[in-house]
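Worksheet for the structure shown next.
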Amino acid sequence: MSLTTSIFCRASWNRPFASRFGRGTDPPIIANRLKMAQWQDWPDAERGAIRALFAGALSQAIEGHPDNGDDAEDWICGIAILDLRLSAMLDTWQAAPSMKATLQLATFLMRSSLFEADPVERAYWSYVDAPAVHLVRRWLLSDHIHQRLSSARGWTAPSDEWLINKALATQAALRLKRPQ
C-alpha cells in the first residue's frame with residue numbers, strides 16, 4: 001500500500017464525517033469517500049489493496065455473529081458502492097456454510113432499508129446505483145435465500161431461532177409487495 005493510500009485510509013477511519021453518521025467509519029461511508037476520491041484512477045496496487053480490504057472484511061463479517069457487532073450488510077453495501085464484483089461477493093456469502101453466515105443473511109433481510117421505495121429512505125443504500133440495488137433485492141428475495149433460511153430452522157441456537165423466523169416472515173412480506 002502506498003503512502004497516499006495509507007494516509008487516506010487512516011484519515012477515513014479517524015475523521016468524523018458528520019454528526020449524524022458518528023465517526024464516519026462505517027464501510028459505506030468509507031466506500032463513498034473512496035468513490036469521491038476517484039479511487040478507480042489510483043495505481044493498480046492501491047486499487048488492489050482497497051478490493052482486498054473490502055473482500056476480506058466481508059468474509060470476516062459473514063462469519064461473525066450479528067449480536068457481536070459484525071455487520072455483513074455494511075460491507076456488501078460498500079462493495080456495491082465501489083462496484084467490486086458484487087455478484088461474486090453475493091455468491092461467496094451464499095456459499096458460506098456456517099450458521100453465522102445464515103444469521104447475517106437473516107439480519108440483513110430483517111433490518112435492511114434497501115427495500116424502501118424512496119431512495120432517500122435507504123440510508124447507505126442511497127449511495128448505490130439502481131442496478132446494484134435491484135441485484136441485491138432479487139438476491140435477498142430469491143428461492144436460494146429462502147431455502148437457506150428455512151433449512152436453518154431447528155439447527156440454529158434457540159436464542160437465534162426468532163431471527164430466522166422474523167427474516168422468513170420479512171422475506172414473505174417483501175415477496176408479496178415486489179412488482180412482477
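All residue names refer to the C-alpha cells as shown: chains lettered A, B, ... in order, residues numbered from 1 in each chain, ligands numbered from 1 in order.
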Do you know which residues are at most 9 Å from Ile164 of chain A counting only C-alpha atoms, after dropping those on the same chain fewer than 5 positions away, and could you put them as a list in words?
Thr102, Leu103, Ala106, Thr107, Leu149, Ser150, Ala152, Arg153, Thr156 and Ala169 of chain A
Write out as a VMD selection string all residues of chain A that backbone DSSP assigns to alpha helix (DSSP H).
chain A and resid 3 to 14 27 to 36 44 to 62 72 to 82 86 to 95 99 to 111 130 to 140 143 to 152 161 to 177
Polymer residues at most 7 Å from segment 57-72 of chain A, only C-alpha atoms, same-chain spacing of 5 or more positions, as a count of residues only
5
Rounded to one decimal place, report the atom CA of Ile81 of chain A-atom CA of Ile30 of chain A distance in Å.
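Straight-line distance from atom CA of Ile81 of chain A to atom CA of Ile30 of chain A works out to 9.8 Å.
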Env of Ala130 of chain A: 12 Å cut, atoms = only C-alpha atoms, seq-sep filter 2 positions within chain, self excluded. Answer as a short mmCIF file (atom, residue, chain, number, x, y, z; two decimals) with C-alpha atoms, in the first residue's frame.
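Output saved as around16.cif:
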data_model
loop_
_atom_site.label_atom_id
_atom_site.label_comp_id
_atom_site.auth_asym_id
_atom_site.auth_seq_id
_atom_site.Cartn_x
_atom_site.Cartn_y
_atom_site.Cartn_z
CA ALA A 80 -21.89 -2.25 -4.11
CA ILE A 81 -20.92 1.43 -3.86
CA ASP A 83 -18.72 -1.80 -7.82
CA LEU A 114 -32.70 -1.48 0.93
CA PHE A 115 -36.36 -2.12 0.19
CA ALA A 117 -39.36 2.88 -2.13
CA ASP A 118 -37.90 6.35 -1.65
CA PRO A 119 -34.12 6.30 -2.29
CA ARG A 122 -32.49 3.79 2.00
CA TRP A 125 -28.03 2.13 0.11
CA SER A 126 -28.89 5.55 -1.35
CA TYR A 127 -25.21 5.71 -2.44
CA VAL A 128 -25.65 2.57 -4.56
CA ALA A 132 -26.90 -2.94 -7.96
CA VAL A 133 -29.81 -2.23 -5.59
CA HIS A 134 -32.08 -4.37 -7.77
CA LEU A 135 -29.49 -7.17 -7.91
CA VAL A 136 -29.23 -7.31 -4.11
CA ARG A 137 -33.01 -7.13 -3.68
#
Just the number, please: distance in Å from atom CA of Ala96 of chain A to atom CA of Ala55 of chain A, one decimal.
13.6 Å
Using Å and a single decimal, report how far atom CA of Cys77 of chain A sits from atom CA of Pro27 of chain A.
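Separation between atom CA of Pro27 of chain A and atom CA of Cys77 of chain A: 7.6 Å.
Here the question is which of A:Met99, A:Leu34, A:Leu82, A:Leu53 gets nearest to Glu161 of chain A using only C-alpha atoms, and that residue is A:Met99.
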Looking at only C-alpha atoms, which of A:Leu109, A:Ala123, A:Ala52, A:Met36 is the one that sits closest to Gln171 of chain A?
A:Leu109
Quick one: of A:Gly78, A:His146, A:Arg51, A:Glu116, who's nearest to Arg33 of chain A, counting only C-alpha atoms?
A:Gly78
